[in-house]
>>> print(open('data22.cif').read())   # mmCIF, C-alpha atoms
data_run
#
loop_
_atom_site.label_atom_id
_atom_site.label_comp_id
_atom_site.auth_asym_id
_atom_site.auth_seq_id
_atom_site.Cartn_x
_atom_site.Cartn_y
_atom_site.Cartn_z
CA MET A 1 68.54 101.44 121.59
CA ASP A 2 71.77 103.14 122.75
CA TYR A 3 69.77 106.15 124.02
CA ILE A 4 67.57 103.93 126.19
CA TYR A 5 70.62 102.41 127.86
CA VAL A 6 72.14 105.83 128.54
CA VAL A 7 68.97 107.11 130.24
CA THR A 8 68.57 103.92 132.26
CA LEU A 9 72.14 103.98 133.53
CA LYS A 10 71.64 107.39 135.09
CA ILE A 11 69.03 106.09 137.54
CA LEU A 12 70.58 102.75 138.49
CA ASN A 13 72.87 102.18 141.47
CA MET A 14 76.46 101.04 140.90
CA LYS A 15 75.56 97.36 141.12
CA TYR A 16 73.05 97.61 138.34
CA ILE A 17 75.27 99.93 136.35
CA THR A 18 77.84 97.14 136.20
CA ILE A 19 75.20 94.64 135.09
CA ALA A 20 73.86 97.00 132.47
CA LEU A 21 77.32 97.73 131.10
CA ALA A 22 78.02 94.01 130.87
CA LEU A 23 74.76 93.57 128.98
CA VAL A 24 75.66 96.36 126.55
CA THR A 25 79.07 94.76 125.96
CA LEU A 26 77.42 91.41 125.31
CA LEU A 27 74.95 92.92 122.87
CA CYS A 28 77.72 94.75 121.01
CA SER A 29 79.71 91.54 120.83
CA CYS A 30 76.74 89.71 119.36
CA LYS A 31 76.20 92.51 116.89
CA ASN A 32 79.79 92.21 115.67
CA HIS A 33 79.18 88.54 114.89
CA THR A 34 76.07 89.02 112.80
CA PRO A 35 76.37 86.69 109.80
CA ILE A 36 77.64 88.40 106.68
CA VAL A 37 76.80 85.79 104.07
CA ASP A 38 73.08 85.65 103.39
CA ALA A 39 71.82 82.07 103.04
CA ALA A 40 68.92 83.28 100.90
CA PHE A 41 71.33 84.86 98.41
CA THR A 42 73.49 81.76 98.19
CA ASP A 43 70.50 79.42 97.88
CA SER A 44 69.15 81.54 95.03
CA LEU A 45 72.57 81.57 93.38
CA ILE A 46 72.85 77.78 93.50
CA ASN A 47 69.25 76.84 92.77
CA HIS A 48 68.77 79.33 89.93
CA TYR A 49 72.24 79.25 88.42
CA THR A 50 72.31 80.10 84.73
CA VAL A 51 75.28 80.33 82.41
CA PRO A 52 76.11 84.00 81.76
CA ARG A 53 76.01 85.51 78.30
CA MET A 54 79.77 85.98 78.17
CA VAL A 55 80.09 82.19 78.29
CA THR A 56 77.62 81.56 75.47
CA ASP A 57 79.21 84.33 73.41
CA ASN A 58 82.63 82.74 73.84
CA GLU A 59 81.25 79.35 72.79
CA LYS A 60 79.89 80.95 69.60
CA ASP A 61 83.29 82.50 68.93
CA LEU A 62 84.97 79.13 69.54
CA ARG A 63 82.79 77.44 66.96
CA PHE A 64 83.23 80.30 64.50
CA TRP A 65 87.03 80.39 64.60
CA LYS A 66 87.33 76.59 64.68
CA GLY A 67 85.30 76.55 61.48
CA LYS A 68 87.75 78.99 59.89
CA ILE A 69 90.77 76.76 60.53
CA ASP A 70 92.04 74.91 57.47
CA PRO A 71 93.75 71.69 58.61
CA LYS A 72 95.93 71.79 55.46
CA VAL A 73 97.16 75.39 55.80
CA VAL A 74 98.25 77.09 59.04
CA ARG A 75 97.21 80.74 59.22
CA GLN A 76 97.84 83.18 62.04
CA VAL A 77 94.47 84.88 62.56
CA PRO A 78 91.93 82.02 62.87
CA GLU A 79 94.30 79.82 64.87
CA SER A 80 95.25 82.68 67.22
CA LYS A 81 91.62 83.68 67.72
CA TYR A 82 90.64 80.10 68.47
CA ALA A 83 93.49 79.77 70.98
CA SER A 84 92.35 83.00 72.64
CA CYS A 85 88.81 81.62 73.01
CA LEU A 86 90.20 78.47 74.61
CA ILE A 87 92.07 80.57 77.17
CA ALA A 88 88.86 82.51 77.84
CA ARG A 89 87.02 79.23 78.46
CA PHE A 90 89.76 78.17 80.85
CA HIS A 91 89.20 81.35 82.85
CA GLN A 92 85.50 80.50 82.98
CA PHE A 93 85.54 76.80 83.86
CA GLY A 94 89.11 75.93 84.79
CA ASP A 95 89.82 73.10 82.36
CA ILE A 96 93.61 73.18 82.12
CA ASN A 97 93.38 71.12 78.92
CA ASP A 98 92.05 74.24 77.20
CA VAL A 99 95.34 75.99 78.05
CA LYS A 100 97.37 73.03 76.77
CA GLN A 101 95.38 72.93 73.53
CA ALA A 102 95.84 76.66 73.05
CA GLU A 103 99.59 76.29 73.56
CA THR A 104 99.74 73.49 70.99
CA ILE A 105 98.01 75.74 68.46
CA LEU A 106 100.36 78.63 69.20
CA HIS A 107 103.43 76.41 68.81
CA THR A 108 102.02 75.22 65.47
CA ILE A 109 101.76 78.84 64.31
CA ASN A 110 105.34 79.51 65.39
CA LYS A 111 106.57 76.48 63.46
CA ALA A 112 104.64 77.44 60.34
CA TYR A 113 105.93 81.01 60.41
CA ASN A 114 109.46 80.04 61.45
CA ASN A 115 109.18 81.94 64.78
CA THR A 116 108.90 85.30 63.04
CA LEU A 117 105.63 86.44 64.64
CA ALA A 118 105.57 88.16 68.04
CA GLY A 119 101.87 87.51 68.71
CA PRO A 120 102.11 83.79 69.50
CA PHE A 121 105.04 84.40 71.84
CA VAL A 122 103.05 87.09 73.65
CA ALA A 123 100.13 84.67 74.04
CA LEU A 124 102.46 81.89 75.22
CA THR A 125 103.91 84.29 77.81
CA GLY A 126 100.42 84.74 79.19
CA SER A 127 99.68 81.01 79.31
CA ALA A 128 103.01 80.35 81.05
CA MET A 129 102.06 82.96 83.66
CA LEU A 130 98.72 81.21 84.21
CA GLN A 131 100.58 78.02 85.12
CA HIS A 132 103.12 79.84 87.32
CA HIS A 133 105.98 79.04 84.95
CA PHE A 134 107.43 82.47 85.51
CA SER A 135 110.98 81.81 84.33
CA ARG A 136 109.64 80.31 81.11
CA ALA A 137 107.33 83.31 80.72
CA ASP A 138 110.37 85.58 80.91
CA THR A 139 112.15 83.64 78.15
CA LEU A 140 109.08 83.77 75.91
CA LEU A 141 108.63 87.48 76.52
CA GLN A 142 112.24 88.24 75.64
CA THR A 143 111.75 86.39 72.35
CA ALA A 144 108.63 88.44 71.60
CA LYS A 145 110.55 91.64 72.35
CA LYS A 146 113.32 90.73 69.94
CA ILE A 147 110.77 90.20 67.17
CA GLY A 148 109.04 93.45 68.09
CA ILE A 149 106.03 94.35 70.23
CA ASP A 150 104.23 97.62 70.92
CA GLY A 151 105.02 99.76 73.96
CA PHE A 152 101.83 98.97 75.85
CA THR A 153 102.29 95.20 75.53
CA ASN A 154 105.95 95.57 76.47
CA ASN A 155 105.21 97.54 79.63
CA THR A 156 102.25 95.49 80.86
CA LEU A 157 103.79 92.07 80.30
CA SER A 158 107.22 93.19 81.48
CA PHE A 159 105.68 94.43 84.71
CA ASP A 160 103.78 91.17 85.19
CA VAL A 161 106.80 88.95 84.61
CA SER A 162 109.23 91.10 86.60
CA PHE A 163 106.81 91.36 89.53
CA GLU A 164 106.27 87.61 89.74
CA LEU A 165 109.99 86.93 89.49
CA GLY A 166 110.69 89.27 92.40
CA ARG A 167 112.43 91.91 90.30
CA TYR A 168 110.55 94.75 91.95
CA THR A 169 112.80 97.62 90.85
CA GLU A 170 112.30 96.61 87.22
CA ALA A 171 108.58 96.14 87.78
CA THR A 172 108.32 99.64 89.23
CA ALA A 173 110.09 101.11 86.19
CA PHE A 174 107.60 99.45 83.83
CA LEU A 175 104.72 100.58 86.03
CA ASN A 176 105.96 104.17 85.76
CA GLN A 177 105.90 103.82 81.98
CA LEU A 178 102.21 102.92 82.22
CA LYS A 179 101.34 105.74 84.60
CA PRO A 180 100.68 108.53 82.09
CA ALA A 181 97.69 106.65 80.61
CA LYS A 182 96.11 106.18 84.04
CA ASP A 183 93.93 103.43 82.64
CA TYR A 184 92.70 100.04 83.87
CA SER A 185 96.04 98.36 83.21
CA TYR A 186 97.94 100.94 85.21
CA TYR A 187 95.68 101.01 88.28
CA PHE A 188 95.35 97.22 88.32
CA ARG A 189 99.12 96.79 88.41
CA ARG A 190 99.70 99.70 90.76
CA SER A 191 97.35 97.97 93.17
CA LYS A 192 99.47 94.82 93.03
CA MET A 193 102.62 96.80 93.79
CA ASP A 194 100.93 98.70 96.62
CA HIS A 195 99.75 95.41 98.10
CA PHE A 196 103.26 94.00 97.96
CA ASN A 197 104.53 97.11 99.72
CA THR A 198 101.84 96.60 102.41
CA ASN A 199 99.98 99.79 101.42
CA ILE A 200 96.63 98.02 101.65
CA ASP A 201 94.40 101.11 101.52
CA SER A 202 96.13 102.35 98.39
CA ALA A 203 95.96 98.85 96.89
CA ILE A 204 92.19 98.72 97.42
CA SER A 205 91.78 102.23 96.03
CA GLY A 206 93.76 101.34 92.91
CA MET A 207 91.75 98.21 92.21
CA VAL A 208 88.43 100.00 92.69
CA LYS A 209 89.67 102.77 90.38
CA ALA A 210 90.51 100.17 87.75
CA ALA A 211 87.00 98.74 88.04
CA ASP A 212 85.42 102.17 87.72
CA LEU A 213 87.30 102.76 84.48
CA GLU A 214 85.70 99.68 82.91
CA LYS A 215 82.06 100.08 83.96
CA ASN A 216 80.90 99.02 80.50
CA VAL A 217 83.11 95.93 80.27
CA SER A 218 81.63 93.61 82.88
CA TYR A 219 84.38 90.97 82.60
CA LEU A 220 87.23 93.38 83.32
CA ARG A 221 85.22 95.23 85.95
CA GLY A 222 84.46 91.94 87.67
CA ILE A 223 88.12 90.90 87.77
CA ALA A 224 89.12 94.17 89.42
CA LEU A 225 86.25 94.12 91.92
CA SER A 226 86.97 90.51 92.84
CA ASN A 227 90.59 91.45 93.49
CA ALA A 228 89.41 94.40 95.58
CA ALA A 229 87.24 91.99 97.58
CA ASP A 230 90.31 89.79 98.20
CA LEU A 231 92.18 92.86 99.43
CA TYR A 232 89.36 93.71 101.83
CA ILE A 233 89.77 90.22 103.31
CA HIS A 234 93.49 90.96 103.79
CA ALA A 235 92.48 94.19 105.53
CA GLY A 236 89.94 92.39 107.73
CA ASP A 237 86.86 94.18 106.36
CA LEU A 238 84.79 91.15 105.46
CA GLN A 239 81.54 93.09 105.16
CA LYS A 240 82.89 95.17 102.26
CA SER A 241 84.53 92.12 100.79
CA ALA A 242 81.25 90.21 100.69
CA GLY A 243 79.47 93.16 99.12
CA LEU A 244 81.99 93.25 96.28
CA TYR A 245 81.90 89.48 95.78
CA LYS A 246 78.11 89.68 95.41
CA GLU A 247 78.45 92.47 92.86
CA CYS A 248 80.92 90.34 90.90
CA ILE A 249 78.53 87.40 90.91
CA ARG A 250 75.73 89.62 89.62
CA LEU A 251 78.03 90.71 86.81
CA ASN A 252 79.10 87.15 86.05
CA SER A 253 77.39 84.13 87.58
CA ALA A 254 80.41 82.05 86.52
CA ASP A 255 82.74 84.07 88.75
CA PHE A 256 83.62 81.04 90.82
CA HIS A 257 86.46 82.84 92.57
CA SER A 258 83.96 85.25 94.12
CA ILE A 259 81.64 82.38 95.08
CA LEU A 260 84.55 80.73 96.88
CA GLY A 261 85.22 84.09 98.52
CA LEU A 262 81.68 84.20 99.93
CA GLY A 263 82.11 80.65 101.19
CA TRP A 264 85.35 81.64 102.90
CA ILE A 265 83.63 84.51 104.72
CA ALA A 266 80.84 82.16 105.77
CA LEU A 267 83.48 79.83 107.21
CA VAL A 268 85.90 82.17 108.99
CA HIS A 269 83.53 84.95 110.09
CA ASP A 270 80.05 83.48 110.28
CA LYS A 271 81.36 80.09 111.51
CA ASN A 272 78.79 78.50 109.20
CA ASP A 273 80.76 75.55 107.87
CA SER A 274 77.65 73.98 106.34
CA LEU A 275 76.95 77.01 104.16
CA ALA A 276 80.63 77.25 103.26
CA GLU A 277 80.64 73.57 102.31
CA LYS A 278 77.60 74.06 100.09
CA LEU A 279 79.27 76.92 98.21
CA PHE A 280 82.60 75.11 97.88
CA LYS A 281 80.95 71.95 96.55
CA PHE A 282 78.88 74.01 94.12
CA VAL A 283 82.04 75.52 92.67
CA GLN A 284 83.67 72.10 92.58
CA SER A 285 80.75 70.84 90.48
CA LYS A 286 81.14 73.65 87.94
CA ASN A 287 84.86 74.43 87.79
CA LYS A 288 87.60 71.88 87.13
CA LEU A 289 90.48 73.60 88.96
CA PRO A 290 91.58 72.17 92.35
CA ASP A 291 90.81 75.44 94.19
CA ALA A 292 87.50 74.30 95.66
CA GLY A 293 89.19 71.17 96.98
CA PHE A 294 91.59 73.29 99.02
CA LYS A 295 88.67 75.25 100.45
CA LEU A 296 86.94 71.99 101.42
CA TYR A 297 90.10 70.96 103.28
CA GLN A 298 89.95 74.28 105.15
CA MET A 299 86.22 73.82 105.79
CA ALA A 300 86.80 70.41 107.37
CA GLN A 301 89.58 71.94 109.46
CA GLY A 302 87.25 74.70 110.64
CA ARG A 303 84.64 72.07 111.51
CA GLY A 304 87.20 70.18 113.57
CA ASP A 305 86.78 66.96 111.60
CA LYS A 306 90.33 65.65 111.28
CA ALA A 307 89.37 62.58 109.26
CA LEU A 308 87.51 64.71 106.70
CA GLU A 309 90.30 67.28 106.70
CA LYS A 310 92.85 64.61 105.83
CA LYS A 311 90.57 63.17 103.15
CA TYR A 312 90.16 66.52 101.40
CA ALA A 313 93.85 67.32 101.85
CA GLU A 314 94.87 64.08 100.16
CA GLU A 315 92.40 64.65 97.32
CA PHE A 316 93.65 68.19 96.77
CA VAL A 317 97.31 67.18 96.76
CA ALA A 318 96.66 64.28 94.39
CA LYS A 319 94.97 66.60 91.90
CA SER A 320 97.05 69.76 92.24
CA THR A 321 100.44 68.04 92.00
CA ASP A 322 99.59 66.58 88.60
CA THR A 323 102.24 67.98 86.25
CA ILE A 324 99.50 69.37 84.02
CA TYR A 325 99.03 72.19 86.56
CA GLY A 326 102.66 73.21 86.50
CA LYS A 327 103.56 75.10 89.66
CA MET A 328 100.15 76.67 90.25
CA TYR A 329 99.54 75.17 93.69
CA ASN A 330 102.96 74.84 95.37
CA LYS A 331 102.07 77.36 98.09
CA TYR A 332 99.02 75.37 99.16
CA VAL A 333 100.62 71.94 98.91
CA ILE A 334 103.46 73.15 101.15
CA GLU A 335 100.91 74.16 103.77
CA ILE A 336 99.33 70.71 103.68
CA TYR A 337 102.67 68.84 103.68
CA THR A 338 103.80 70.80 106.76
CA GLY A 339 100.39 70.32 108.36
CA ILE A 340 97.80 67.54 108.28
CA LEU A 341 99.73 65.22 105.92
CA ASN A 342 102.99 65.68 107.89
CA GLN A 343 105.42 65.18 105.02
CA PRO A 344 107.99 67.90 105.73
CA ALA A 345 110.66 66.43 103.44
CA LYS A 346 108.31 66.74 100.46
CA ALA A 347 107.47 70.28 101.54
CA GLU A 348 111.15 71.21 101.61
CA GLU A 349 111.75 69.70 98.18
CA LEU A 350 108.78 71.58 96.74
CA ALA A 351 109.83 74.89 98.31
CA LYS A 352 113.40 74.51 97.05
CA ASN A 353 112.12 73.71 93.58
CA GLU A 354 109.92 76.83 93.66
CA LEU A 355 113.04 78.96 94.05
CA ASN A 356 114.14 77.78 90.61
CA ASN A 357 110.96 79.36 89.28
CA ARG A 358 110.88 82.65 91.23
CA THR A 359 112.85 84.19 94.06
CA THR A 360 110.63 86.41 96.15
CA PRO A 361 110.47 87.10 99.89
CA GLN A 362 107.41 84.83 99.99
CA THR A 363 109.03 81.85 98.29
CA TYR A 364 112.16 82.22 100.44
CA ALA A 365 109.92 82.29 103.51
CA TRP A 366 108.34 79.00 102.41
CA TYR A 367 111.80 77.50 101.99
CA ALA A 368 113.04 78.76 105.35
CA TYR A 369 109.96 77.39 107.09
CA THR A 370 110.26 73.96 105.46
CA LEU A 371 113.91 73.81 106.51
CA PHE A 372 112.82 74.64 110.04
CA VAL A 373 110.16 71.92 110.20
CA ASN A 374 112.85 69.50 108.98
CA HIS A 375 114.98 70.51 111.99
CA LYS A 376 117.55 72.40 109.90
CA ASN A 377 117.48 75.49 112.06
CA ALA A 378 120.85 76.91 111.07
CA GLU A 379 120.05 76.68 107.36
CA ALA A 380 116.57 78.06 107.92
CA TYR A 381 117.84 81.08 109.83
CA LYS A 382 120.49 81.80 107.20
CA VAL A 383 117.83 81.87 104.46
CA PHE A 384 115.72 84.10 106.67
CA GLU A 385 118.54 86.57 107.31
CA GLN A 386 119.62 86.76 103.67
CA HIS A 387 116.30 86.76 101.83
CA VAL A 388 113.33 87.31 104.17
CA SER A 389 114.22 89.61 107.04
CA GLY A 390 112.99 93.16 106.52
CA ARG A 391 111.09 92.31 103.32
CA PRO A 392 107.30 92.62 102.87
CA LEU A 393 105.40 89.44 103.70
CA GLU A 394 101.76 88.40 103.75
CA GLY A 395 99.77 86.73 106.50
CA LEU A 396 100.79 83.14 105.80
CA GLU A 397 104.49 83.90 105.58
CA LEU A 398 104.36 86.13 108.66
CA TYR A 399 102.76 83.27 110.56
CA TYR A 400 105.41 80.82 109.30
CA MET A 401 108.21 83.15 110.41
CA GLY A 402 106.55 83.60 113.79
CA LYS A 403 106.43 79.84 114.29
CA MET A 404 110.03 79.54 113.18
CA MET A 405 111.27 82.29 115.51
CA LYS A 406 109.36 80.77 118.42
CA GLY A 407 110.89 77.37 117.71
CA MET A 408 114.33 78.98 117.77
CA ASP A 409 113.62 80.61 121.15
CA LYS A 410 113.54 84.09 119.65
CA GLY A 411 110.44 85.13 121.57
CA TYR A 412 110.46 88.83 120.81
CA ASP A 413 110.88 88.31 117.07
CA ALA A 414 108.20 85.61 117.10
CA ASN A 415 105.72 87.93 118.78
CA GLU A 416 106.41 90.71 116.27
CA PHE A 417 105.71 88.35 113.40
CA PHE A 418 102.58 87.05 115.09
CA LYS A 419 101.29 90.58 115.64
CA ALA A 420 101.90 91.41 111.99
CA ALA A 421 100.20 88.17 110.87
CA ASP A 422 97.17 89.02 113.01
CA LYS A 423 96.45 91.98 110.70
CA ASN A 424 95.87 89.42 107.93
CA LYS A 425 94.39 86.68 110.09
CA TYR A 426 91.53 86.00 107.67
CA ASP A 427 94.10 84.83 105.12
CA LEU A 428 95.03 81.92 107.37
CA SER A 429 93.50 78.46 107.49
CA PRO A 430 91.28 77.98 110.59
CA ASP A 431 93.80 76.00 112.66
CA MET A 432 96.53 78.53 111.90
CA ALA A 433 94.25 81.36 112.97
CA LYS A 434 93.50 79.54 116.25
CA ASP A 435 97.17 78.86 116.87
CA LEU A 436 98.02 82.48 116.08
CA ALA A 437 95.46 83.71 118.61
CA ALA A 438 96.85 81.31 121.23
CA ASN A 439 100.41 82.55 120.64
CA LEU A 440 99.34 86.16 120.96
CA GLU A 441 97.68 85.41 124.30
CA GLU A 442 100.85 83.91 125.81
#
>>> encode(input="data22.cif", output="structure tokens")
Amino acid sequence: MDYIYVVTLKILNMKYITIALALVTLLCSCKNHTPIVDAAFTDSLINHYTVPRMVTDNEKDLRFWKGKIDPKVVRQVPESKYASCLIARFHQFGDINDVKQAETILHTINKAYNNTLAGPFVALTGSAMLQHHFSRADTLLQTAKKIGIDGFTNNTLSFDVSFELGRYTEATAFLNQLKPAKDYSYYFRRSKMDHFNTNIDSAISGMVKAADLEKNVSYLRGIALSNAADLYIHAGDLQKSAGLYKECIRLNSADFHSILGLGWIALVHDKNDSLAEKLFKFVQSKNKLPDAGFKLYQMAQGRGDKALEKKYAEEFVAKSTDTIYGKMYNKYVIEIYTGILNQPAKAEELAKNELNNRTTPQTYAWYAYTLFVNHKNAEAYKVFEQHVSGRPLEGLELYYMGKMMKGMDKGYDANEFFKAADKNKYDLSPDMAKDLAANLEE
């Protein structure tokens, strides 16, 4: 097609050259907006959904280990195995009660063995991390270390906890201890550190490498590929992201995170809110976590239906702020409180409380922004200067800081933040993305 245009242009006068060039530009523009998410694929996924074997295998293991538990005598192995299966089921279907039940079992083991076993404390560290209780996770891990854990467990969990708490120098030291093995655990965590340091290409490479090292373990491979797909969204390559999400779904039809990812691409790139809604509601019908509810709020926002947006926002907040979820959804609730629900005081309280759990550039950015929306500019700027300025941030936080700088009449700084946020524009909710584009055009 390009060759035909080139030949034609040579024989047209200048008037028609201009028309032809405009036509080429239009065609290229249309080409760039070709839908990425295939409706046929998603319809097949929904209409022919079957539970994957890993789910049925875990259910068999659950029944087996439950049958081995003696209600009169607490033993470590059957109880620990059963708790592990409950955590696996949580990862599959998002019932937070499975995590709570697992924790109860682990505490029972600790009581029976007078806190002399490291294993239950290691498992409890992991469950605390799941619920974003990072400070508690640190305490549990230190207890496990005192009892005695192997070097691999020490380095992997110590990295995870240190990274989430914002202790990046410590996290790097533990990562370096993992480096010689150059295995899945190392590349997975190296990717997280590269992403934090805004080395997105290296982060993607690391996650793909991790997946390649576990080609025969579909669950682990799927986790890494799904994370790589998320990173491609950060980088703005939604075509590659969708390809990886589809591969993850083929590996595990219960990979609801990847299904939500496809719905997100349908919403923000294809502008197909109906297809996105179908995928989000499908996940909501299968998985008990509030995640799909947040996506439905974003879908309604993208559709421009303020009444529906508020409805979904209220439903998400009501569910996600239940204490059973710990601090898992603070980031998203803050967005809604400073947006459609317009409850900035609650947002500030939540952001301040988050700092008791972890102190990272991101959480300080949330706090600074909530101070700003509550008209506490001096406090907000002080937090920014001390804890945010010059540190790595992601799209949402960059956008927040841009809005804050603009509101403080710091136009140059605002524009720099907006330009940086634009590199991660597909991380932003639809109205934020629109507002970002408008600010960049000013």
>>> resolve_selection(input="data22.cif", expression="the PyMOL selection byres ((chain A and resi 226) around 8)", output="JSON, numbers by chain")
{"A": [222, 223, 224, 225, 227, 228, 229, 230, 244, 245, 248, 257, 258]}
>>> residues_around(input="data22.cif", residues="region 326-343 of chain A", least_positions_apart="5", cutoff="10 Å", atoms="only C-alpha atoms", output="PyMOL selection string")
chain A and resi 128-134+290-291+294+297+301+306-307+309-311+313-314+316-321+348-351+353-354+357+362-363+366-367+369-370+373-374+396+400+429+431-432
>>> closest_residue(input="data22.cif", among="A:Ala118, A:Ala171, A:Ala83, A:Ala254", to="Gln101 (chain A)", atoms="all atoms listed in the file")
A:Ala83
>>> atom_distance(input="data22.cif", atom1="CA of Asp43 (chain A)", atom2="CA of Gly261 (chain A)")
15.5 Å
>>> atom_distance(input="data22.cif", atom1="CA of Asn154 (chain A)", atom2="CA of Thr125 (chain A)")
11.5 Å
>>> atom_distance(input="data22.cif", atom1="CA of Trp65 (chain A)", atom2="CA of Tyr49 (chain A)")
28.1 Å
>>> resolve_selection(input="data22.cif", expression="the PyMOL selection byres ((chain A and resi 84) around 12)", output="NGL selection string")
:A and (58-59 or 61-62 or 65-66 or 76-83 or 85-91 or 98-103 or 105-106 or 119-120 or 122-124 or 126-127)
>>> resolve_selection(input="data22.cif", expression="the PyMOL selection byres ((chain A and resi 53) around 12)", output="list in words")
Thr50, Val51, Pro52, Met54, Val55, Thr56, Asp57, Asn58, Glu59, Lys60, Gln92, Ser218, Tyr219, Leu251, Asn252, Ser253 and Ala254 of chain A
>>> residues_around(input="data22.cif", residues="region 382-386 of chain A", least_positions_apart="5", cutoff="7 Å", atoms="only C-alpha atoms", output="list in words")
Tyr364, Ala365 and Ala368 of chain A
>>> write_last_selection(input="data22.cif", atoms="C-alpha atoms", output="compact mmCIF listing (two decimals), in the frame of the given file")
# COMPACT_ATOMS: atom_id res chain seq x y z
CA TYR A 364 112.16 82.22 100.44
CA ALA A 365 109.92 82.29 103.51
CA ALA A 368 113.04 78.76 105.35
>>> closest_residue(input="data22.cif", among="A:Lys346, A:Lys182, A:Asn356, A:Leu267", to="Leu371 (chain A)", atoms="all atoms listed in the file")
A:Lys346
>>> closest_residue(input="data22.cif", among="A:Leu262, A:Leu117, A:Asp201, A:Leu436", to="Leu238 (chain A)", atoms="all atoms listed in the file")
A:Leu262
>>> build_atoms(input="data22.cif", residues="region 278-290 of chain A", atoms="N, CA, C and O atoms", output="compact mmCIF listing (two decimals), keeping the file's coordinate frame")
# COMPACT_ATOMS: atom_id res chain seq x y z
N LYS A 278 78.53 74.04 101.21
CA LYS A 278 77.60 74.06 100.09
C LYS A 278 78.15 74.90 98.92
O LYS A 278 78.08 74.48 97.76
N LEU A 279 78.71 76.06 99.25
CA LEU A 279 79.27 76.92 98.21
C LEU A 279 80.52 76.31 97.58
O LEU A 279 80.70 76.36 96.36
N PHE A 280 81.38 75.72 98.41
CA PHE A 280 82.60 75.11 97.88
C PHE A 280 82.28 73.93 96.96
O PHE A 280 82.88 73.76 95.90
N LYS A 281 81.32 73.11 97.37
CA LYS A 281 80.95 71.95 96.55
C LYS A 281 80.25 72.38 95.26
O LYS A 281 80.39 71.72 94.22
N PHE A 282 79.50 73.48 95.33
CA PHE A 282 78.88 74.01 94.12
C PHE A 282 79.94 74.40 93.11
O PHE A 282 79.85 74.05 91.93
N VAL A 283 80.96 75.12 93.57
CA VAL A 283 82.04 75.52 92.67
C VAL A 283 82.76 74.29 92.14
O VAL A 283 83.09 74.20 90.94
N GLN A 284 82.99 73.33 93.00
CA GLN A 284 83.67 72.10 92.58
C GLN A 284 82.90 71.38 91.47
O GLN A 284 83.50 70.75 90.60
N SER A 285 81.58 71.50 91.50
CA SER A 285 80.75 70.84 90.48
C SER A 285 80.76 71.57 89.15
O SER A 285 80.38 71.01 88.12
N LYS A 286 81.18 72.84 89.15
CA LYS A 286 81.14 73.65 87.94
C LYS A 286 82.52 73.96 87.36
O LYS A 286 82.64 74.20 86.17
N ASN A 287 83.52 74.00 88.21
CA ASN A 287 84.86 74.43 87.79
C ASN A 287 85.85 73.30 88.04
O ASN A 287 85.84 72.68 89.10
N LYS A 288 86.73 73.06 87.08
CA LYS A 288 87.60 71.88 87.13
C LYS A 288 88.92 72.11 87.87
O LYS A 288 89.66 71.15 88.10
N LEU A 289 89.24 73.35 88.23
CA LEU A 289 90.48 73.60 88.96
C LEU A 289 90.42 73.01 90.37
O LEU A 289 89.32 72.82 90.92
N PRO A 290 91.56 72.75 91.00
CA PRO A 290 91.58 72.17 92.35
C PRO A 290 91.21 73.14 93.48
O PRO A 290 91.12 72.72 94.63
